[in-house]
$ cat data-v3.cif   # mmCIF, C-alpha atoms and all ligand atoms
data_target
#
loop_
_atom_site.label_atom_id
_atom_site.label_comp_id
_atom_site.auth_asym_id
_atom_site.auth_seq_id
_atom_site.Cartn_x
_atom_site.Cartn_y
_atom_site.Cartn_z
CA MET A 19 -39.72 -172.00 -129.64
CA ASP A 20 -39.84 -175.36 -127.92
CA GLN A 21 -37.97 -174.99 -124.58
CA GLU A 22 -37.60 -178.76 -124.40
CA ASN A 23 -35.77 -179.04 -127.72
CA PRO A 24 -33.77 -175.86 -127.98
CA LYS A 25 -31.62 -175.51 -131.06
CA GLU A 26 -32.11 -171.93 -132.12
CA THR A 27 -30.74 -168.68 -130.76
CA LEU A 28 -32.23 -167.22 -127.58
CA ALA A 29 -35.50 -165.34 -128.09
CA ALA A 30 -37.67 -162.93 -126.09
CA GLY A 31 -40.10 -164.87 -123.89
CA GLU A 32 -37.57 -167.62 -123.15
CA ARG A 33 -36.20 -168.37 -119.72
CA VAL A 34 -32.42 -168.18 -119.41
CA LEU A 35 -29.85 -168.73 -116.70
CA LEU A 36 -27.10 -166.15 -116.15
CA VAL A 37 -24.00 -167.44 -114.37
CA ASP A 38 -21.47 -164.94 -113.02
CA ALA A 39 -17.75 -165.46 -112.38
CA LYS A 40 -18.49 -166.69 -108.83
CA GLU A 41 -20.93 -169.22 -110.28
CA ARG A 42 -23.95 -167.40 -108.83
CA ARG A 43 -26.98 -168.27 -110.93
CA TYR A 44 -29.86 -166.02 -111.91
CA LEU A 45 -33.01 -167.17 -113.67
CA LEU A 46 -34.82 -164.63 -115.86
CA THR A 47 -37.34 -164.46 -118.67
CA LEU A 48 -36.12 -162.47 -121.66
CA ALA A 49 -38.17 -159.40 -122.61
CA ALA A 50 -37.33 -156.77 -125.23
CA GLY A 51 -35.94 -153.58 -123.65
CA ALA A 52 -35.72 -155.04 -120.13
CA THR A 53 -32.69 -155.02 -117.82
CA PHE A 54 -31.62 -157.44 -115.10
CA HIS A 55 -29.82 -156.16 -111.99
CA THR A 56 -27.29 -158.39 -110.19
CA HIS A 57 -24.48 -157.94 -107.63
CA ALA A 58 -22.09 -158.01 -110.56
CA GLY A 59 -23.81 -155.31 -112.65
CA ILE A 60 -26.75 -154.70 -114.94
CA VAL A 61 -27.42 -156.86 -117.98
CA SER A 62 -29.57 -155.78 -120.90
CA HIS A 63 -31.90 -158.51 -122.18
CA ASP A 64 -31.41 -157.15 -125.70
CA ASP A 65 -27.73 -158.15 -125.43
CA ILE A 66 -28.82 -161.76 -124.86
CA VAL A 67 -31.60 -162.10 -127.46
CA GLY A 68 -30.34 -163.47 -130.76
CA ASN A 69 -27.26 -165.19 -129.29
CA PRO A 70 -26.85 -168.94 -128.96
CA GLU A 71 -26.84 -170.41 -125.46
CA GLY A 72 -23.30 -170.87 -124.17
CA SER A 73 -22.48 -167.25 -125.09
CA THR A 74 -20.63 -164.96 -122.71
CA LEU A 75 -21.75 -161.35 -122.38
CA THR A 76 -20.47 -158.35 -120.46
CA GLY A 77 -22.60 -156.44 -117.94
CA SER A 78 -22.54 -152.75 -117.05
CA THR A 79 -19.53 -153.08 -114.71
CA GLY A 80 -17.43 -154.99 -117.22
CA ARG A 81 -17.97 -158.37 -115.53
CA SER A 82 -18.89 -161.29 -117.70
CA PHE A 83 -21.84 -163.67 -117.54
CA LEU A 84 -22.39 -167.00 -119.16
CA VAL A 85 -25.88 -167.41 -120.70
CA LEU A 86 -27.54 -170.82 -120.90
CA ARG A 87 -31.00 -172.27 -121.05
CA PRO A 88 -31.72 -173.61 -117.55
CA THR A 89 -31.85 -177.32 -116.78
CA LEU A 90 -34.81 -178.71 -114.87
CA ALA A 91 -32.60 -178.73 -111.74
CA ASP A 92 -31.84 -175.02 -112.24
CA VAL A 93 -35.54 -174.24 -112.55
CA VAL A 94 -36.46 -176.27 -109.45
CA LEU A 95 -33.84 -174.48 -107.35
CA LYS A 96 -34.66 -170.99 -108.64
CA MET A 97 -38.41 -170.99 -109.28
CA PRO A 98 -40.88 -169.26 -106.94
CA ARG A 99 -41.79 -171.52 -104.02
CA GLY A 100 -44.74 -171.89 -101.78
CA ALA A 101 -43.90 -175.15 -100.06
CA GLN A 102 -40.42 -176.65 -99.70
CA VAL A 103 -39.47 -178.42 -102.93
CA ILE A 104 -37.98 -181.86 -103.33
CA TYR A 105 -34.35 -181.34 -104.36
CA PRO A 106 -33.00 -182.50 -107.72
CA LYS A 107 -30.88 -185.28 -106.19
CA ASP A 108 -34.04 -186.86 -104.79
CA LEU A 109 -36.18 -186.09 -107.85
CA GLY A 110 -33.85 -188.15 -110.02
CA ALA A 111 -33.96 -191.05 -107.58
CA ILE A 112 -37.76 -190.86 -107.32
CA LEU A 113 -38.15 -191.17 -111.10
CA MET A 114 -36.12 -194.37 -111.00
CA ALA A 115 -37.50 -195.81 -107.74
CA ALA A 116 -41.11 -195.28 -108.83
CA ASP A 117 -40.19 -196.25 -112.41
CA ILE A 118 -41.94 -193.22 -113.91
CA GLY A 119 -42.41 -193.32 -117.67
CA PRO A 120 -44.53 -192.31 -120.65
CA SER A 121 -48.29 -192.94 -120.66
CA GLN A 122 -48.52 -193.65 -116.95
CA ARG A 123 -51.34 -192.18 -114.88
CA VAL A 124 -49.82 -190.73 -111.72
CA LEU A 125 -51.57 -189.33 -108.68
CA GLU A 126 -49.43 -186.93 -106.69
CA ALA A 127 -50.28 -185.43 -103.26
CA GLY A 128 -49.55 -182.76 -102.17
CA VAL A 129 -48.11 -180.92 -105.11
CA GLY A 130 -46.60 -178.03 -103.10
CA SER A 131 -44.50 -175.94 -105.47
CA GLY A 132 -44.71 -178.42 -108.34
CA ALA A 133 -41.09 -179.59 -108.43
CA LEU A 134 -41.93 -183.29 -108.35
CA SER A 135 -44.79 -182.68 -110.80
CA MET A 136 -42.34 -181.17 -113.30
CA ALA A 137 -39.96 -184.12 -113.09
CA VAL A 138 -42.79 -186.65 -113.51
CA LEU A 139 -44.37 -184.76 -116.41
CA ARG A 140 -41.02 -184.45 -118.14
CA ALA A 141 -40.65 -188.22 -117.90
CA GLY A 142 -43.82 -188.51 -120.00
CA ALA A 143 -46.47 -189.39 -117.40
CA SER A 144 -49.74 -187.56 -116.85
CA VAL A 145 -50.22 -186.11 -113.39
CA LEU A 146 -53.34 -185.60 -111.32
CA GLY A 147 -52.44 -183.60 -108.22
CA TYR A 148 -54.33 -183.27 -104.95
CA GLU A 149 -53.42 -180.25 -102.84
CA ILE A 150 -55.14 -178.83 -99.75
CA ARG A 151 -53.82 -175.27 -100.08
CA GLU A 152 -55.17 -173.14 -102.90
CA ASP A 153 -52.11 -170.84 -102.96
CA PHE A 154 -49.80 -173.86 -103.34
CA ALA A 155 -52.04 -175.40 -106.01
CA ASN A 156 -51.87 -172.16 -107.99
CA ARG A 157 -48.12 -171.92 -107.49
CA ALA A 158 -47.62 -175.48 -108.75
CA ARG A 159 -49.84 -174.84 -111.78
CA SER A 160 -47.95 -171.68 -112.73
CA ASN A 161 -44.52 -173.27 -112.17
CA VAL A 162 -45.47 -176.23 -114.36
CA ALA A 163 -46.91 -173.97 -117.07
CA GLY A 164 -43.72 -171.89 -116.95
CA LEU A 165 -41.65 -174.99 -117.72
CA LEU A 166 -43.90 -177.02 -120.01
CA GLY A 167 -46.47 -174.56 -121.31
CA PRO A 168 -50.24 -174.53 -120.79
CA ASP A 169 -50.85 -177.86 -122.54
CA ALA A 170 -48.99 -180.05 -120.04
CA ASP A 171 -51.00 -183.12 -118.99
CA TYR A 172 -51.38 -181.70 -115.49
CA HIS A 173 -54.50 -181.24 -113.40
CA VAL A 174 -54.50 -180.12 -109.79
CA GLU A 175 -57.57 -180.43 -107.58
CA LEU A 176 -58.05 -178.73 -104.24
CA ARG A 177 -58.55 -181.83 -102.14
CA ASP A 178 -57.42 -183.63 -99.00
CA VAL A 179 -56.03 -186.97 -100.15
CA THR A 180 -56.65 -188.52 -96.72
CA GLU A 181 -60.39 -188.22 -97.45
CA GLY A 182 -60.22 -190.44 -100.51
CA ILE A 183 -59.00 -190.84 -104.10
CA ASP A 184 -61.65 -190.97 -106.83
CA GLU A 185 -59.42 -192.53 -109.48
CA THR A 186 -58.94 -196.22 -110.09
CA ASP A 187 -56.36 -198.15 -112.11
CA LEU A 188 -53.62 -195.64 -111.39
CA ASP A 189 -50.08 -196.68 -112.24
CA ARG A 190 -48.35 -194.68 -109.51
CA VAL A 191 -49.22 -192.81 -106.31
CA LEU A 192 -46.60 -190.33 -105.10
CA LEU A 193 -46.95 -188.79 -101.65
CA ASP A 194 -45.05 -185.86 -100.16
CA LEU A 195 -47.08 -185.05 -97.07
CA PRO A 196 -46.70 -185.66 -93.33
CA GLU A 197 -48.90 -188.75 -92.72
CA PRO A 198 -48.84 -190.98 -95.81
CA TRP A 199 -50.03 -193.99 -93.80
CA ARG A 200 -53.44 -192.29 -93.66
CA VAL A 201 -53.54 -192.45 -97.47
CA LEU A 202 -52.81 -196.19 -97.75
CA PRO A 203 -56.47 -197.35 -97.61
CA HIS A 204 -57.25 -195.03 -100.55
CA ALA A 205 -54.07 -195.77 -102.49
CA ARG A 206 -54.90 -199.44 -102.16
CA THR A 207 -58.15 -199.05 -104.10
CA ALA A 208 -56.82 -196.42 -106.52
CA LEU A 209 -53.68 -198.24 -107.66
CA ARG A 210 -53.79 -201.09 -110.12
CA SER A 211 -52.24 -204.35 -109.03
CA GLY A 212 -48.47 -204.10 -109.54
CA GLY A 213 -48.60 -200.30 -109.32
CA ILE A 214 -46.05 -198.43 -107.23
CA LEU A 215 -46.58 -196.24 -104.19
CA LEU A 216 -43.79 -193.85 -103.24
CA ALA A 217 -43.66 -191.64 -100.16
CA TYR A 218 -41.08 -188.96 -99.45
CA LEU A 219 -40.61 -188.24 -95.74
CA PRO A 220 -38.16 -186.06 -93.81
CA THR A 221 -37.82 -188.19 -90.66
CA ILE A 222 -37.13 -191.83 -89.96
CA ASN A 223 -39.91 -191.88 -87.33
CA GLN A 224 -42.47 -191.13 -90.05
CA THR A 225 -40.78 -193.63 -92.34
CA ALA A 226 -40.94 -196.37 -89.68
CA GLN A 227 -44.64 -195.68 -89.13
CA LEU A 228 -45.29 -195.93 -92.86
CA ARG A 229 -43.31 -199.16 -93.13
CA GLY A 230 -45.35 -200.63 -90.27
CA ALA A 231 -48.60 -199.71 -92.03
CA LEU A 232 -47.37 -201.22 -95.30
CA ASP A 233 -46.76 -204.50 -93.48
CA ASP A 234 -50.54 -204.84 -93.06
CA GLY A 235 -50.82 -205.36 -96.85
CA PRO A 236 -51.68 -205.70 -99.65
CA TRP A 237 -48.23 -204.22 -100.27
CA GLY A 238 -44.95 -205.91 -101.05
CA MET A 239 -41.35 -205.25 -102.07
CA ALA A 240 -41.16 -202.32 -99.63
CA ASP A 241 -37.89 -200.44 -99.79
CA THR A 242 -36.50 -197.32 -98.11
CA VAL A 243 -33.48 -195.34 -99.31
CA GLU A 244 -31.74 -192.05 -98.60
CA ILE A 245 -29.69 -190.29 -101.25
CA LEU A 246 -26.37 -188.73 -100.20
CA ARG A 247 -24.73 -186.43 -102.73
CA ARG A 248 -21.19 -185.19 -102.17
CA THR A 249 -19.82 -182.50 -104.46
CA TRP A 250 -16.10 -182.05 -105.17
CA HIS A 251 -13.77 -179.10 -105.34
CA VAL A 252 -11.65 -179.52 -108.46
CA GLU A 253 -8.64 -177.30 -109.09
CA ALA A 254 -5.28 -178.26 -110.55
CA ARG A 255 -3.51 -178.71 -107.20
CA SER A 256 -6.50 -179.35 -104.99
CA VAL A 257 -8.95 -182.08 -105.84
CA ARG A 258 -11.00 -183.10 -102.83
CA PRO A 259 -14.59 -183.32 -101.56
CA ASP A 260 -16.18 -179.92 -100.80
CA HIS A 261 -16.10 -179.03 -97.13
CA ARG A 262 -19.86 -178.65 -96.95
CA MET A 263 -22.65 -180.89 -98.12
CA VAL A 264 -26.41 -181.13 -97.65
CA GLY A 265 -26.46 -183.68 -94.84
CA HIS A 266 -30.10 -184.72 -95.07
CA THR A 267 -33.22 -184.07 -97.09
CA GLY A 268 -35.61 -187.03 -96.93
CA PHE A 269 -36.22 -190.77 -97.10
CA LEU A 270 -37.81 -192.40 -100.15
CA THR A 271 -40.03 -195.38 -99.45
CA THR A 272 -41.57 -197.46 -102.23
CA ALA A 273 -43.92 -200.43 -102.23
CA ARG A 274 -45.80 -202.46 -104.88
CA ARG A 275 -49.56 -202.92 -104.77
CA LEU A 276 -50.18 -206.68 -104.65
CA VAL A 277 -53.30 -208.62 -105.52
CA GLY A 278 -55.54 -208.82 -102.47
C1 LIG B 1 -43.53 -180.47 -98.92
S1 LIG B 1 -44.87 -179.96 -99.85
C2 LIG B 1 -44.73 -180.82 -101.39
C3 LIG B 1 -43.64 -180.29 -102.27
C4 LIG B 1 -43.62 -180.92 -103.64
N1 LIG B 1 -43.37 -182.35 -103.58
C5 LIG B 1 -42.58 -180.25 -104.53
O1 LIG B 1 -41.60 -180.93 -104.90
O2 LIG B 1 -42.72 -179.08 -104.86
C6 LIG B 1 -46.22 -180.81 -99.07
C7 LIG B 1 -47.56 -180.37 -99.65
O3 LIG B 1 -48.56 -181.28 -99.24
C8 LIG B 1 -49.75 -180.56 -99.03
N2 LIG B 1 -50.59 -181.43 -98.21
C9 LIG B 1 -50.42 -181.73 -96.89
N3 LIG B 1 -51.37 -182.60 -96.49
C10 LIG B 1 -52.15 -182.85 -97.58
C11 LIG B 1 -53.31 -183.66 -97.79
N4 LIG B 1 -53.83 -184.37 -96.79
N5 LIG B 1 -53.87 -183.70 -99.04
C12 LIG B 1 -53.33 -182.97 -100.04
N6 LIG B 1 -52.24 -182.17 -99.89
C13 LIG B 1 -51.65 -182.11 -98.68
C14 LIG B 1 -49.27 -179.28 -98.39
O4 LIG B 1 -50.22 -178.24 -98.48
C15 LIG B 1 -47.99 -179.00 -99.17
O5 LIG B 1 -48.27 -178.19 -100.28
#

$ encode --input "data-v3.cif" --output "structure tokens" --more "lines below"
Ligand SMILES: C[S@@+](CC[C@H](N)C(=O)[O-])C[C@H]1O[C@@H](n2cnc3c(N)ncnc32)[C@H](O)[C@@H]1O
Amino acid sequence: MDQENPKETLAAGERVLLVDAKERRYLLTLAAGATFHTHAGIVSHDDIVGNPEGSTLTGSTGRSFLVLRPTLADVVLKMPRGAQVIYPKDLGAILMAADIGPSQRVLEAGVGSGALSMAVLRAGASVLGYEIREDFANRARSNVAGLLGPDADYHVELRDVTEGIDETDLDRVLLDLPEPWRVLPHARTALRSGGILLAYLPTINQTAQLRGALDDGPWGMADTVEILRRTWHVEARSVRPDHRMVGHTGFLTTARRLVG
């Protein structure tokens, strides 16, 4: 069944999310006869198969679990990781900042665990990834195939992007690596005029260095943002921001390739 357009009942081979009473989430792939062990008891996969998502089932200790198909954000947070992933709050902003859409040709480096790749592919673009570590390249490939199947428009090459980009006429170049300024000379020849470069960086020192390099052209409309997400505790007599939040993840810098 198509995971991206799920209407039918849950079937063996599908990925599902179990949510317990404390809102702990568990990602599993349904298999006939299998069991899943959690802090709150054992769940039989056969009790899930054949039910619609949104069902509640009872585990071995009598505790209940909600069963849903996972969202992309659930998958990103729960999937096997090699490298640190970009978090969903930033993935959403990247899609908008880099204006990712159908039929675009996107170069992404490095692909790490494939979280950004998944978001870009789901938005309808094709992705060519450059990655210097074979284990990460394999991890990204298998994570993407797990979400979108083997036919996703996704190709990862084992390459150092600072040594050059073979492609030309790219619509977007997305960089999540430590020294994106070293990629600018290559991105300049690989991107079509008007195309968008986006770099994701954890520190403002790196971001300032990138912004300085962009000033040398032919780049314009440079912009840097940081996304702050504050969750709320909502109960009848207590509605307030949560006490804890993720204080910092990274800075998003975009620029347009100009004629020149
Ligand atoms: C933080 S991870 C990327 C995570 C990814 N954006 C995700 O959401 O899953 C950075 C990746 O860049 C790769 N990398 C670092 N320098 C590189 C280079 N010069 N060329 C290609 N890949 C590179 C690393 O091996 C690592 O996998």

$ residues_around --input "data-v3.cif" --residues "Leu45 of chain A" --least-positions-apart "2" --cutoff "8 Å" --atoms "only C-alpha atoms" --output "ChimeraX atom specification"
/A:33-36,43,47,88,93,96-97

$ residues_near_ligand --input "data-v3.cif" --ligand "ligand LIG 1 (chain B)" --cutoff "7 Å" --atoms "all atoms listed in the file" --output "MDAnalysis selection string"
chainID A and resid 101:104 127:135 148:151 154 177:180 194:196

$ write_last_selection --input "data-v3.cif" --atoms "C-alpha atoms" --output "compact mmCIF listing (two decimals), in the coordinates of the input"
# COMPACT_ATOMS: atom_id res chain seq x y z
CA ALA A 101 -43.90 -175.15 -100.06
CA GLN A 102 -40.42 -176.65 -99.70
CA VAL A 103 -39.47 -178.42 -102.93
CA ILE A 104 -37.98 -181.86 -103.33
CA ALA A 127 -50.28 -185.43 -103.26
CA GLY A 128 -49.55 -182.76 -102.17
CA VAL A 129 -48.11 -180.92 -105.11
CA GLY A 130 -46.60 -178.03 -103.10
CA SER A 131 -44.50 -175.94 -105.47
CA GLY A 132 -44.71 -178.42 -108.34
CA ALA A 133 -41.09 -179.59 -108.43
CA LEU A 134 -41.93 -183.29 -108.35
CA SER A 135 -44.79 -182.68 -110.80
CA TYR A 148 -54.33 -183.27 -104.95
CA GLU A 149 -53.42 -180.25 -102.84
CA ILE A 150 -55.14 -178.83 -99.75
CA ARG A 151 -53.82 -175.27 -100.08
CA PHE A 154 -49.80 -173.86 -103.34
CA ARG A 177 -58.55 -181.83 -102.14
CA ASP A 178 -57.42 -183.63 -99.00
CA VAL A 179 -56.03 -186.97 -100.15
CA THR A 180 -56.65 -188.52 -96.72
CA ASP A 194 -45.05 -185.86 -100.16
CA LEU A 195 -47.08 -185.05 -97.07
CA PRO A 196 -46.70 -185.66 -93.33

$ closest_residue --input "data-v3.cif" --among "A:Val252, A:Leu219, A:Val257, A:Ala205" --to "Ala273 of chain A" --atoms "all atoms listed in the file"
A:Ala205

$ residues_around --input "data-v3.cif" --residues "Ile222 of chain A" --least-positions-apart "6" --cutoff "12 Å" --atoms "all atoms listed in the file" --output "MDAnalysis selection string"
chainID A and resid 196 228:229 242:244 266:271

$ residues_around --input "data-v3.cif" --residues "segment 67-80 of chain A" --least-positions-apart "3" --cutoff "10 Å" --atoms "all atoms listed in the file" --output "ChimeraX atom specification"
/A:24-32,34-38,48-50,54-64,83-88

$ atom_distance --input "data-v3.cif" --atom1 "atom CA of Thr272 of chain A" --atom2 "atom CA of Pro198 of chain A"
11.7 Å

$ atom_distance --input "data-v3.cif" --atom1 "atom CA of Arg123 of chain A" --atom2 "atom CA of Leu188 of chain A"
5.4 Å

$ closest_residue --input "data-v3.cif" --among "A:Asp233, A:Asp117, A:Glu126, A:Asp92" --to "Tyr172 of chain A" --atoms "all atoms listed in the file"
A:Glu126

$ atom_distance --input "data-v3.cif" --atom1 "atom CA of Leu166 of chain A" --atom2 "atom CA of Ala208 of chain A"
26.9 Å

$ residues_around --input "data-v3.cif" --residues "Ser211 of chain A" --least-positions-apart "5" --cutoff "6 Å" --atoms "only C-alpha atoms" --output "list in words"
Arg275, Leu276 and Val277 of chain A

$ residues_around --input "data-v3.cif" --residues "Gly110 of chain A" --least-positions-apart "3" --cutoff "10 Å" --atoms "all atoms listed in the file" --output "list in words"
Ala91, Tyr105, Pro106, Lys107, Leu113, Met114, Ala115, Leu134, Ala137, Val138 and Ile245 of chain A

$ closest_residue --input "data-v3.cif" --among "A:Ala111, A:Leu215, A:Val124, A:Val174" --to "Met239 of chain A" --atoms "all atoms listed in the file"
A:Leu215

$ closest_residue --input "data-v3.cif" --among "A:Ala143, A:Arg157, A:Ile118, A:Gly278" --to "Arg99 of chain A" --atoms "all atoms listed in the file"
A:Arg157

$ closest_residue --input "data-v3.cif" --among "A:Val94, A:Asp153, A:Met136, A:Asn223" --to "Asp171 of chain A" --atoms "all atoms listed in the file"
A:Met136

$ closest_residue --input "data-v3.cif" --among "A:Asp260, A:Asp108, A:Asp241, A:Asp169" --to "Thr225 of chain A" --atoms "all atoms listed in the file"
A:Asp241
